[in-house]
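Asks: Got a file for you: entry_13.cif, mmCIF, C-alpha atoms.
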data_final
loop_
_atom_site.label_atom_id
_atom_site.label_comp_id
_atom_site.auth_asym_id
_atom_site.auth_seq_id
_atom_site.Cartn_x
_atom_site.Cartn_y
_atom_site.Cartn_z
CA MET A 1 0.00 0.00 0.00
CA ILE A 2 1.41 3.38 -0.94
CA PHE A 3 -1.83 5.36 -0.77
CA GLY A 4 -2.74 7.95 1.85
CA PHE A 5 -0.94 10.99 3.19
CA TRP A 6 1.60 9.26 5.44
CA ARG A 7 2.42 6.62 2.86
CA LYS A 8 3.18 9.30 0.30
CA LYS A 9 5.43 11.10 2.74
CA SER A 10 7.43 8.01 3.59
CA ALA A 11 7.72 7.16 -0.12
CA GLY A 12 9.17 10.65 -0.69
CA ASP A 13 11.55 10.14 2.21
CA PHE A 14 12.70 6.84 0.75
CA LEU A 15 13.27 8.41 -2.68
CA ALA A 16 15.30 11.17 -1.02
CA SER A 17 17.44 8.70 0.90
CA ALA A 18 18.00 6.63 -2.23
CA GLY A 19 19.04 9.61 -4.34
CA ILE A 20 21.45 11.31 -2.00
CA TYR A 21 24.51 9.17 -2.66
CA GLN A 22 24.27 9.55 -6.44
CA ALA A 23 23.89 13.30 -6.02
CA PHE A 24 27.02 13.30 -3.87
CA GLU A 25 28.97 11.31 -6.46
CA ARG A 26 28.09 13.87 -9.13
CA LEU A 27 29.07 16.70 -6.80
CA GLN A 28 32.40 15.06 -6.03
CA ARG A 29 33.13 14.36 -9.69
CA GLU A 30 32.43 17.90 -10.92
CA CYS A 31 33.32 19.92 -7.81
CA PRO A 32 35.96 17.93 -5.91
CA GLY A 33 36.66 20.72 -3.38
CA ALA A 34 33.02 20.99 -2.39
CA GLY A 35 32.67 17.19 -2.44
CA TYR A 36 35.58 16.82 -0.03
CA ILE A 37 34.20 19.35 2.50
CA PHE A 38 30.77 17.68 2.29
CA ALA A 39 32.32 14.24 2.85
CA ARG A 40 34.68 15.48 5.57
CA THR A 41 31.70 16.86 7.48
CA MET A 42 30.01 13.47 7.17
CA LEU A 43 33.15 11.77 8.46
CA SER A 44 33.48 14.14 11.43
CA ALA A 45 29.79 13.70 12.24
CA ARG A 46 30.00 9.91 12.13
CA PRO A 47 29.57 9.51 15.91
CA LEU A 48 26.12 11.07 15.46
CA LEU A 49 25.08 8.02 13.44
CA SER A 50 25.97 5.65 16.25
CA ALA A 51 23.28 3.06 16.97
CA GLY A 52 23.90 3.55 20.68
CA MET A 53 22.78 7.19 20.63
CA SER A 54 19.16 8.02 21.42
CA ASP A 55 17.23 9.89 18.72
CA PRO A 56 16.46 12.96 20.85
CA ARG A 57 20.14 13.31 21.68
CA ARG A 58 21.13 12.71 18.06
CA ARG A 59 18.78 15.48 16.90
CA ALA A 60 20.01 17.86 19.61
CA GLU A 61 23.65 17.21 18.67
CA ILE A 62 22.94 17.80 14.97
CA ASP A 63 21.11 21.05 15.82
CA ARG A 64 24.12 22.11 17.88
CA ALA A 65 26.50 21.31 15.01
CA LEU A 66 24.27 23.23 12.55
CA LYS A 67 24.37 26.30 14.78
CA ALA A 68 28.16 26.06 14.96
CA THR A 69 28.72 26.22 11.18
CA ALA A 70 29.91 29.84 11.32
CA PRO A 71 26.97 31.53 9.58
CA HIS A 72 28.82 34.84 9.44
CA ALA A 73 32.10 33.51 8.09
CA ARG A 74 31.25 30.84 5.55
CA ALA A 75 33.92 30.10 2.96
CA ASP A 76 33.10 26.49 2.08
CA GLY A 77 30.23 27.03 -0.33
CA GLY A 78 27.89 26.09 2.51
CA MET A 79 28.96 22.44 2.17
CA SER A 80 29.26 21.73 5.92
CA LEU A 81 25.79 23.12 6.41
CA LEU A 82 24.36 21.08 3.53
CA ALA A 83 25.95 17.86 4.82
CA LEU A 84 24.51 18.48 8.28
CA GLN A 85 21.09 19.16 6.76
CA VAL A 86 21.28 15.72 5.14
CA LEU A 87 22.14 14.21 8.52
CA GLN A 88 19.31 16.15 10.14
CA GLN A 89 16.85 14.70 7.64
CA ALA A 90 18.29 11.21 8.15
CA ALA A 91 17.84 11.52 11.92
CA ALA A 92 14.28 12.79 11.53
CA SER A 93 13.26 9.95 9.24
CA THR A 94 10.64 7.65 10.74
CA ASP A 95 10.55 5.20 7.86
CA GLU A 96 12.89 2.29 8.65
CA ALA A 97 13.93 1.60 5.06
CA ALA A 98 14.61 5.28 4.34
CA ARG A 99 16.50 5.71 7.58
CA SER A 100 18.72 2.73 6.97
CA THR A 101 19.47 3.93 3.40
CA TYR A 102 20.26 7.43 4.66
CA PHE A 103 22.60 6.14 7.36
CA SER A 104 24.51 3.80 5.05
CA SER A 105 24.81 6.58 2.42
CA CYS A 106 26.17 8.97 5.05
CA GLU A 107 28.72 6.33 6.12
CA LYS A 108 29.80 5.81 2.50
CA MET A 109 30.05 9.53 1.79
CA GLY A 110 32.18 10.00 4.91
CA GLU A 111 34.76 7.57 3.48
CA HIS A 112 35.52 10.15 0.77
CA GLY A 113 36.45 12.71 3.40
CA ARG A 114 39.65 11.00 4.55
CA LYS A 115 42.00 12.65 2.06
CA TYR A 116 41.89 15.47 -0.46
CA ARG A 117 44.22 15.97 -3.41
CA GLU A 118 48.01 16.25 -3.45
CA ILE A 119 49.67 19.62 -3.94
CA ASP A 120 51.13 19.93 -7.44
CA GLU A 121 53.36 22.32 -9.40
CA ASP A 122 50.43 24.53 -10.41
CA ASP A 123 49.78 25.28 -6.75
CA TYR A 124 53.17 27.03 -6.60
CA GLU A 125 52.22 29.45 -9.40
CA ILE A 126 51.22 32.98 -8.38
CA PRO A 127 47.43 33.00 -8.87
CA LEU A 128 46.24 34.74 -12.04
CA ASP A 129 42.99 35.77 -10.39
CA ALA A 130 43.43 39.04 -8.46
CA GLU A 131 41.21 37.94 -5.56
CA ASP A 132 43.04 34.63 -5.21
CA ALA A 133 46.37 36.47 -5.26
CA ALA A 134 45.14 38.83 -2.53
CA LEU A 135 43.91 35.87 -0.48
CA VAL A 136 47.23 33.99 -0.52
CA LYS A 137 49.02 37.24 0.26
CA ARG A 138 46.83 37.70 3.35
CA MET A 139 47.83 34.17 4.39
CA GLY A 140 51.46 35.27 4.15
CA GLY A 141 52.49 33.55 0.90
CA GLU A 142 52.71 34.15 -2.81
CA SER A 143 50.97 30.97 -3.89
CA LEU A 144 48.78 28.29 -2.35
CA GLY A 145 51.74 25.88 -2.21
CA HIS A 146 53.86 28.48 -0.44
CA CYS A 147 51.09 29.11 2.13
CA ILE A 148 50.94 25.38 2.86
CA GLU A 149 54.70 25.26 3.43
CA LEU A 150 54.33 28.13 5.92
CA LEU A 151 51.48 26.29 7.62
CA GLU A 152 53.64 23.18 7.98
CA ILE A 153 56.45 25.21 9.58
CA GLU A 154 54.07 26.93 12.00
CA ALA A 155 52.26 23.71 12.91
CA GLN A 156 55.12 22.08 14.78
CA GLY A 157 53.69 20.03 17.63
CA THR A 158 50.40 19.44 15.85
CA SER A 159 49.65 15.78 15.13
CA PRO A 160 50.25 14.71 11.49
CA ALA A 161 46.58 13.76 11.08
CA GLU A 162 45.39 17.12 12.37
CA LEU A 163 47.85 18.98 10.15
CA GLN A 164 46.78 16.95 7.10
CA GLU A 165 43.12 17.76 7.79
CA THR A 166 43.93 21.48 8.10
CA ILE A 167 45.85 21.41 4.80
CA ASP A 168 43.14 19.40 3.01
CA THR A 169 40.47 21.81 4.24
CA LEU A 170 42.51 24.85 3.18
CA VAL A 171 43.15 23.46 -0.31
CA ALA A 172 39.54 22.33 -0.77
CA THR A 173 38.20 25.70 0.40
CA TYR A 174 40.56 27.40 -2.04
CA ASP A 175 39.36 25.14 -4.89
CA ILE A 176 35.73 25.79 -4.01
CA ARG A 177 36.22 29.46 -4.93
CA ASN A 178 36.83 28.42 -8.50
CA GLU A 179 33.97 25.91 -8.44
CA ILE A 180 31.63 28.77 -7.46
CA ARG A 181 33.07 31.26 -9.97
CA SER A 182 32.84 28.78 -12.85
CA GLY A 183 29.16 28.24 -12.05
CA ALA A 184 29.75 24.48 -11.51
CA LEU A 185 28.74 24.29 -7.84
CA PRO A 186 25.32 26.00 -7.56
CA PRO A 187 23.44 23.37 -9.67
CA HIS A 188 24.72 20.62 -7.32
CA ILE A 189 23.55 22.53 -4.25
CA ARG A 190 20.15 22.97 -5.88
CA ASN A 191 20.07 19.27 -6.80
CA ILE A 192 20.77 18.12 -3.23
CA GLN A 193 18.21 20.59 -1.86
CA MET A 194 15.62 19.24 -4.31
CA ILE A 195 16.37 15.66 -3.27
CA LEU A 196 15.93 16.58 0.38
CA ALA A 197 12.64 18.30 -0.50
CA LEU A 198 11.26 15.02 -1.93
CA LYS A 199 10.49 14.07 1.65
CA ASN A 200 7.77 16.71 1.76
CA GLY A 201 5.80 15.39 -1.15
CA MET B 1 28.20 39.00 -28.71
CA THR B 2 30.23 41.33 -26.49
CA VAL B 3 30.15 41.13 -22.69
CA GLU B 4 28.14 44.36 -22.71
CA ALA B 5 25.53 42.96 -25.12
CA ASP B 6 25.31 39.70 -23.15
CA TYR B 7 24.82 41.58 -19.91
CA ARG B 8 22.31 44.00 -21.43
CA ALA B 9 20.20 41.01 -22.51
CA ARG B 10 20.33 39.70 -18.95
CA TYR B 11 19.55 43.09 -17.48
CA ASP B 12 16.52 43.74 -19.69
CA ASN B 13 15.01 40.27 -19.62
CA THR B 14 15.69 38.68 -16.26
CA LEU B 15 17.66 40.69 -13.68
CA PHE B 16 15.11 43.45 -13.24
CA PRO B 17 12.07 41.21 -12.58
CA ILE B 18 14.08 38.83 -10.37
CA ALA B 19 15.37 41.75 -8.26
CA ALA B 20 11.82 43.05 -7.81
CA LYS B 21 10.55 39.62 -6.74
CA LEU B 22 13.51 39.20 -4.39
CA GLU B 23 12.76 42.51 -2.68
CA ALA B 24 9.12 41.51 -2.14
CA LEU B 25 10.22 38.14 -0.70
CA LEU B 26 12.77 39.72 1.66
CA GLN B 27 10.10 42.21 2.82
CA GLU B 28 7.76 39.31 3.50
CA ILE B 29 10.15 37.03 5.38
CA LEU B 30 11.49 39.89 7.51
CA SER B 31 8.13 41.57 8.12
CA GLY B 32 8.10 40.53 11.78
CA GLN B 33 11.67 41.61 12.46
CA PRO B 34 12.17 44.85 14.43
CA ARG B 35 14.66 47.66 13.80
CA ILE B 36 15.04 47.29 10.05
CA ASP B 37 15.34 50.70 8.42
CA ARG B 38 14.99 49.52 4.81
CA ILE B 39 15.28 46.62 2.43
CA SER B 40 16.21 47.24 -1.17
CA THR B 41 17.37 45.30 -4.21
CA ARG B 42 18.74 46.31 -7.60
CA PRO B 43 20.14 44.78 -10.73
CA LYS B 44 23.66 46.07 -11.37
CA SER B 45 23.46 48.72 -14.08
CA VAL B 46 24.95 47.89 -17.47
CA ASP B 47 27.53 50.70 -17.17
CA ARG B 48 28.70 49.56 -13.75
CA PHE B 49 28.85 45.94 -14.81
CA VAL B 50 30.91 46.77 -17.89
CA GLY B 51 33.20 48.99 -15.77
CA LYS B 52 33.75 46.15 -13.31
CA ALA B 53 34.11 43.54 -16.05
CA ASN B 54 36.89 45.58 -17.66
CA ALA B 55 38.75 46.24 -14.41
CA LEU B 56 42.48 45.56 -14.42
CA THR B 57 44.75 44.26 -11.69
CA LYS B 58 47.69 46.33 -10.42
CA GLU B 59 49.81 44.41 -12.90
CA GLY B 60 47.58 45.58 -15.75
CA LYS B 61 45.96 42.19 -16.43
CA ALA B 62 42.21 41.66 -16.82
CA LYS B 63 40.67 41.03 -13.40
CA TYR B 64 37.86 38.82 -14.71
CA SER B 65 38.29 36.17 -17.40
CA ASP B 66 34.57 35.27 -17.44
CA PRO B 67 32.75 38.24 -15.91
CA LEU B 68 29.23 36.92 -16.53
CA HIS B 69 29.97 34.05 -14.15
CA GLN B 70 32.55 35.65 -11.89
CA ILE B 71 30.76 38.87 -10.93
CA GLN B 72 28.33 37.78 -8.26
CA ASP B 73 26.55 41.04 -7.48
CA GLN B 74 24.56 41.25 -10.73
CA ILE B 75 21.62 41.28 -8.37
CA GLY B 76 22.35 43.06 -5.11
CA ALA B 77 20.21 43.28 -2.01
CA ARG B 78 20.75 45.49 0.99
CA ILE B 79 19.23 45.43 4.44
CA ILE B 80 19.89 48.37 6.76
CA THR B 81 19.43 47.82 10.48
CA PHE B 82 19.44 50.22 13.42
CA TYR B 83 22.07 48.61 15.63
CA LYS B 84 25.09 46.29 15.33
CA ASP B 85 23.45 43.40 17.18
CA ASP B 86 20.66 43.46 14.63
CA VAL B 87 23.05 42.62 11.79
CA HIS B 88 23.79 39.03 12.76
CA ARG B 89 20.20 38.44 13.89
CA ILE B 90 18.96 39.40 10.43
CA SER B 91 21.75 37.41 8.79
CA ASP B 92 20.64 34.28 10.70
CA GLU B 93 17.03 34.84 9.71
CA VAL B 94 17.84 35.30 6.01
CA GLN B 95 19.96 32.12 6.01
CA ARG B 96 16.90 30.12 7.10
CA TYR B 97 15.57 30.72 3.59
CA PHE B 98 18.62 31.12 1.35
CA HIS B 99 21.67 28.85 1.09
CA ALA B 100 24.84 30.87 1.72
CA ILE B 101 27.73 30.03 -0.58
CA GLU B 102 29.88 32.62 1.08
CA SER B 103 29.46 34.82 4.17
CA LYS B 104 31.88 37.24 5.70
CA ASP B 105 32.14 40.24 7.95
CA MET B 106 33.98 42.85 5.89
CA LEU B 107 36.57 44.60 8.05
CA PRO B 108 39.65 46.72 7.45
CA GLU B 109 42.87 44.68 7.07
CA ASN B 110 44.09 45.27 10.62
CA GLU B 111 42.97 46.68 13.95
CA TRP B 112 44.81 49.98 13.40
CA GLU B 113 42.83 50.81 10.27
CA PHE B 114 39.34 52.19 9.71
CA GLY B 115 37.36 51.94 6.50
CA TYR B 116 34.51 49.81 5.19
CA PHE B 117 32.52 47.61 7.59
CA GLY B 118 29.61 45.38 6.61
CA ASN B 119 28.23 41.85 6.64
CA HIS B 120 28.25 40.32 3.13
CA HIS B 121 26.76 37.12 1.74
CA VAL B 122 26.62 35.37 -1.60
CA LEU B 123 23.29 33.53 -1.53
CA MET B 124 21.65 31.09 -3.94
CA LEU B 125 18.60 32.46 -5.74
CA LEU B 126 15.46 30.49 -4.91
CA PRO B 127 13.90 28.83 -7.98
CA ASP B 128 10.55 30.46 -7.06
CA LEU B 129 12.05 33.84 -7.93
CA VAL B 130 12.80 32.82 -11.49
CA ASP B 131 10.00 32.83 -14.06
CA PRO B 132 10.04 29.37 -15.74
CA ALA B 133 9.78 31.15 -19.11
CA PHE B 134 13.18 32.82 -18.62
CA ASP B 135 16.16 31.60 -20.63
CA ASN B 136 18.31 29.87 -18.00
CA ASN B 137 21.48 31.19 -19.65
CA LEU B 138 20.39 34.70 -18.68
CA VAL B 139 19.75 33.91 -15.02
CA PRO B 140 22.54 34.18 -12.47
CA CYS B 141 22.67 31.48 -9.81
CA CYS B 142 23.37 33.82 -6.91
CA PHE B 143 22.90 37.30 -5.56
CA GLU B 144 24.88 39.41 -3.12
CA LEU B 145 23.32 40.55 0.14
CA GLN B 146 24.83 43.30 2.27
CA ILE B 147 23.57 43.79 5.82
CA LYS B 148 24.75 46.98 7.47
CA THR B 149 23.86 49.40 10.24
CA LEU B 150 22.63 52.90 9.41
CA PHE B 151 26.06 54.32 10.23
CA GLN B 152 27.95 51.73 8.20
CA HIS B 153 25.63 52.41 5.27
CA ALA B 154 25.96 56.20 5.57
CA TRP B 155 29.75 55.94 5.63
CA SER B 156 29.99 53.61 2.65
CA GLU B 157 27.67 55.79 0.53
CA ALA B 158 29.65 58.96 1.24
CA ASN B 159 32.94 57.15 0.79
CA HIS B 160 31.75 55.79 -2.54
CA ASP B 161 30.76 59.28 -3.64
CA LEU B 162 33.88 61.07 -2.40
CA GLY B 163 36.49 58.35 -2.74
CA TYR B 164 38.69 57.57 -5.71
CA LYS B 165 37.02 56.97 -9.07
CA PRO B 166 38.76 55.98 -12.31
CA GLY B 167 39.90 59.07 -14.23
CA GLN B 168 39.96 61.29 -11.16
CA GLN B 169 42.93 62.56 -9.21
CA PRO B 170 43.70 60.09 -6.38
CA LEU B 171 42.93 61.37 -2.88
CA GLU B 172 45.86 62.79 -0.95
CA SER B 173 47.17 61.10 2.15
CA ASP B 174 45.51 63.60 4.52
CA GLU B 175 42.20 63.24 2.68
CA LEU B 176 42.36 59.45 3.04
CA ARG B 177 43.04 59.93 6.75
CA GLN B 178 39.95 62.15 6.97
CA LEU B 179 37.83 59.38 5.44
CA ALA B 180 39.33 56.89 7.88
CA PHE B 181 38.49 59.31 10.70
CA THR B 182 34.83 59.44 9.69
CA SER B 183 34.76 55.63 9.56
CA ALA B 184 36.16 55.56 13.10
CA GLN B 185 33.45 57.99 14.22
CA ALA B 186 30.75 55.85 12.60
CA TRP B 187 32.23 52.77 14.30
CA GLY B 188 32.16 54.58 17.66
CA ALA B 189 28.59 55.78 17.16
CA ASP B 190 27.47 52.22 16.31
CA ARG B 191 29.13 50.95 19.43
CA VAL B 192 27.53 53.57 21.70
CA PHE B 193 24.07 53.04 20.21
CA ASN B 194 24.38 49.27 20.53
CA ASP B 195 25.54 49.49 24.16
CA LEU B 196 22.65 51.84 24.99
CA PHE B 197 20.21 49.56 23.20
CA LEU B 198 21.43 46.51 25.15
CA LYS B 199 21.26 48.46 28.41
CA ARG B 200 17.70 49.60 27.69
CA GLN B 201 16.80 45.99 26.94
CA GLY B 202 18.20 44.98 30.33
CA ARG B 203 20.88 42.81 28.71
#
Re-express the file's structure as structure tokens.
Replies:
Amino acid sequence: MIFGFWRKKSAGDFLASAGIYQAFERLQRECPGAGYIFARTMLSARPLLSAGMSDPRRRAEIDRALKATAPHARADGGMSLLALQVLQQAAASTDEAARSTYFSSCEKMGEHGRKYREIDEDDYEIPLDAEDAALVKRMGGESLGHCIELLEIEAQGTSPAELQETIDTLVATYDIRNEIRSGALPPHIRNIQMILALKNG
Amino acid sequence: MTVEADYRARYDNTLFPIAAKLEALLQEILSGQPRIDRISTRPKSVDRFVGKANALTKEGKAKYSDPLHQIQDQIGARIITFYKDDVHRISDEVQRYFHAIESKDMLPENEWEFGYFGNHHVLMLLPDLVDPAFDNNLVPCCFELQIKTLFQHAWSEANHDLGYKPGQQPLESDELRQLAFTSAQAWGADRVFNDLFLKRQGR
């Protein structure tokens, strides 16, 4: 039976849960910087998917994380926020099949947040874009690669894993600027928002 | 087609009606919010867009390689609040409806400088604001929102009018210092008003 108001809602929720991983794959393929930040957020939020956590606590923790996404200093294309909105919807899902699909998708997406790209020769070029050049200058370098070298020198005492995450986040956030400027990112944001909206009918 | 012709087609066919719809929507979603002086939107004029699109870096290179995608304030919105604490409250409220691609508090480079202050966002346009009959190639994906206090707004308008413009004589050092002085005064006035407001609220 799929008739009736509640049935329709849970069918929409299931469709949303089933579509989210494919939407993420497309995002990651066409906008790797944004895909990494999205996946990294999923990885960091993995404890919130724990079976041992009660649902009220899970929802409260996700709300807390959403409020902490720096709404006045967002430089990640809103990817952390979007990933947490997916988790919020997963946690609110009352349909068992949808919930299980959401949770396994979130786990899978998180796996892509372990490592971003390597730094290459191009990253040592002085940026052609004036705003990018001003940005790296504010960070104390002449190029993205140079800024990362400075970061590595300053980060003595930081654990290698923590340093790698900082570098990956910096490089991904830098790449996102180009993904926004080229017009590649906004359609993916809209796509994920539309998939989440399937839940409502 | 030239960049100017491309942008003129956008301006005439889509930017103007989208900006008008956006203003009505912002008015509606913020109708219950106190201490908002005004809400306005505008499509960037063709002349200003072309001027920005042709801007050069200090090294004399073109600043934008693809201005129709890179210039994000083709539609601009502005919300002017009474006090500083209102700025982030309004910013939070707006972000309940619009996805922020970028958000930042614009500040002078260091604590010893005074100049432009404001809260800026690049937000995704909601599909509801775009007439389905529009050619998608003429519709930008985002708009820029500035949220400022009355004093921040007053300073930036006067600074824009009096400050350096292409083709004019650059301001002298003492004149720049005078502009910085007025920014410091506006900053101080905002601070005093905000403190008084909080005190009157019993906070």
Asks: I'd like the neighbourhood of range 49-64 of chain B as a PyMOL selection string, where a residue qualifies if any of its atoms comes within 7 Å (using all atoms listed in the file), though same-chain residues fewer than 4 positions away should be ignored.
Replies: (chain A and resi 129-130) or (chain B and resi 4+44-45+70)
Asks: Could you list the residues in chain B lying within 10 Å of chain A, using only C-alpha atoms, and format the result as a PyMOL selection string?
Replies: chain B and resi 56-59+61-72+87-88+91-92+95+99-106+109+119-127+140-142
Asks: What does the PyMOL selection byres ((chain A and resi 31) around 8) select in this file, as a ChimeraX atom specification?
Replies: /A:27-30,32-35,176,179,184-185
Asks: Do you know which residues are at most 10 Å from Ala189 in chain B counting only C-alpha atoms, after dropping those on the same chain fewer than 6 positions away, and could you put them as an MDAnalysis selection string?
Replies: chainID B and resid 83 151:152 183 195
Asks: Skip Pro108 in chain B itself and residues of its chain fewer than 5 positions away, then list as a PyMOL selection string all residues within 12 Å of it, counting only C-alpha atoms.
Replies: chain B and resi 113-118+180+183-184+187
Asks: Could you dump the residues just selected with C-alpha atoms as a compact mmCIF listing (two decimals), in the coordinates of the input?
Replies:
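Below is the file that was written, result.txt:
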# COMPACT_ATOMS: atom_id res chain seq x y z
CA GLU B 113 42.83 50.81 10.27
CA PHE B 114 39.34 52.19 9.71
CA GLY B 115 37.36 51.94 6.50
CA TYR B 116 34.51 49.81 5.19
CA PHE B 117 32.52 47.61 7.59
CA GLY B 118 29.61 45.38 6.61
CA ALA B 180 39.33 56.89 7.88
CA SER B 183 34.76 55.63 9.56
CA ALA B 184 36.16 55.56 13.10
CA TRP B 187 32.23 52.77 14.30
Asks: Near range 93-102 of chain A, within 9 Å and counting only C-alpha atoms, which residues show up once chain neighbours fewer than 3 positions away are dropped, as a PyMOL selection string?
Replies: chain A and resi 10-11+13-18+20-21+86-90+105-107
Asks: So the first atom is CA of Ala91 in chain A and the second is CA of Gly12 in chain A; what is the distance between them in Å, to one decimal place?
Replies: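 Between CA of Ala91 in chain A and CA of Gly12 in chain A the gap is 15.3 Å.
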Asks: Given the block above, output range 58-72 of chain A with N, CA, C and O atoms as a PDB file, in the first residue's frame.
Replies:
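Result went into result.pdb, see below:
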ATOM      1  N   ARG A  58      20.580  12.594  19.408  1.00  0.00           N
ATOM      2  CA  ARG A  58      21.132  12.711  18.057  1.00  0.00           C
ATOM      3  C   ARG A  58      20.648  14.019  17.411  1.00  0.00           C
ATOM      4  O   ARG A  58      21.432  14.792  16.870  1.00  0.00           O
ATOM      5  N   ARG A  59      19.337  14.263  17.531  1.00  0.00           N
ATOM      6  CA  ARG A  59      18.779  15.478  16.902  1.00  0.00           C
ATOM      7  C   ARG A  59      19.345  16.741  17.556  1.00  0.00           C
ATOM      8  O   ARG A  59      19.664  17.722  16.886  1.00  0.00           O
ATOM      9  N   ALA A  60      19.479  16.681  18.896  1.00  0.00           N
ATOM     10  CA  ALA A  60      20.006  17.858  19.610  1.00  0.00           C
ATOM     11  C   ALA A  60      21.456  18.133  19.194  1.00  0.00           C
ATOM     12  O   ALA A  60      21.853  19.291  18.993  1.00  0.00           O
ATOM     13  N   GLU A  61      22.233  17.046  19.054  1.00  0.00           N
ATOM     14  CA  GLU A  61      23.651  17.215  18.672  1.00  0.00           C
ATOM     15  C   GLU A  61      23.773  17.767  17.245  1.00  0.00           C
ATOM     16  O   GLU A  61      24.635  18.588  16.955  1.00  0.00           O
ATOM     17  N   ILE A  62      22.906  17.299  16.361  1.00  0.00           N
ATOM     18  CA  ILE A  62      22.945  17.804  14.970  1.00  0.00           C
ATOM     19  C   ILE A  62      22.542  19.282  14.952  1.00  0.00           C
ATOM     20  O   ILE A  62      23.166  20.090  14.266  1.00  0.00           O
ATOM     21  N   ASP A  63      21.519  19.632  15.740  1.00  0.00           N
ATOM     22  CA  ASP A  63      21.109  21.051  15.824  1.00  0.00           C
ATOM     23  C   ASP A  63      22.271  21.908  16.324  1.00  0.00           C
ATOM     24  O   ASP A  63      22.519  22.995  15.811  1.00  0.00           O
ATOM     25  N   ARG A  64      22.974  21.372  17.319  1.00  0.00           N
ATOM     26  CA  ARG A  64      24.117  22.113  17.882  1.00  0.00           C
ATOM     27  C   ARG A  64      25.204  22.310  16.798  1.00  0.00           C
ATOM     28  O   ARG A  64      25.739  23.397  16.642  1.00  0.00           O
ATOM     29  N   ALA A  65      25.471  21.233  16.068  1.00  0.00           N
ATOM     30  CA  ALA A  65      26.497  21.308  15.006  1.00  0.00           C
ATOM     31  C   ALA A  65      26.070  22.293  13.913  1.00  0.00           C
ATOM     32  O   ALA A  65      26.880  23.051  13.393  1.00  0.00           O
ATOM     33  N   LEU A  66      24.776  22.297  13.581  1.00  0.00           N
ATOM     34  CA  LEU A  66      24.275  23.233  12.554  1.00  0.00           C
ATOM     35  C   LEU A  66      24.485  24.681  12.994  1.00  0.00           C
ATOM     36  O   LEU A  66      24.874  25.527  12.200  1.00  0.00           O
ATOM     37  N   LYS A  67      24.218  24.923  14.288  1.00  0.00           N
ATOM     38  CA  LYS A  67      24.369  26.304  14.783  1.00  0.00           C
ATOM     39  C   LYS A  67      25.836  26.727  14.806  1.00  0.00           C
ATOM     40  O   LYS A  67      26.135  27.919  14.802  1.00  0.00           O
ATOM     41  N   ALA A  68      26.735  25.740  14.854  1.00  0.00           N
ATOM     42  CA  ALA A  68      28.164  26.064  14.956  1.00  0.00           C
ATOM     43  C   ALA A  68      28.843  26.144  13.588  1.00  0.00           C
ATOM     44  O   ALA A  68      30.059  26.156  13.503  1.00  0.00           O
ATOM     45  N   THR A  69      28.072  26.219  12.506  1.00  0.00           N
ATOM     46  CA  THR A  69      28.715  26.219  11.183  1.00  0.00           C
ATOM     47  C   THR A  69      29.102  27.621  10.701  1.00  0.00           C
ATOM     48  O   THR A  69      29.152  27.876   9.504  1.00  0.00           O
ATOM     49  N   ALA A  70      29.387  28.501  11.640  1.00  0.00           N
ATOM     50  CA  ALA A  70      29.905  29.839  11.322  1.00  0.00           C
ATOM     51  C   ALA A  70      29.074  30.575  10.279  1.00  0.00           C
ATOM     52  O   ALA A  70      29.562  30.844   9.189  1.00  0.00           O
ATOM     53  N   PRO A  71      27.816  30.910  10.608  1.00  0.00           N
ATOM     54  CA  PRO A  71      26.968  31.525   9.584  1.00  0.00           C
ATOM     55  C   PRO A  71      27.441  32.898   9.119  1.00  0.00           C
ATOM     56  O   PRO A  71      26.978  33.387   8.098  1.00  0.00           O
ATOM     57  N   HIS A  72      28.371  33.505   9.857  1.00  0.00           N
ATOM     58  CA  HIS A  72      28.819  34.841   9.436  1.00  0.00           C
ATOM     59  C   HIS A  72      30.212  34.806   8.815  1.00  0.00           C
ATOM     60  O   HIS A  72      30.776  35.841   8.498  1.00  0.00           O
TER      61      HIS A  72
END
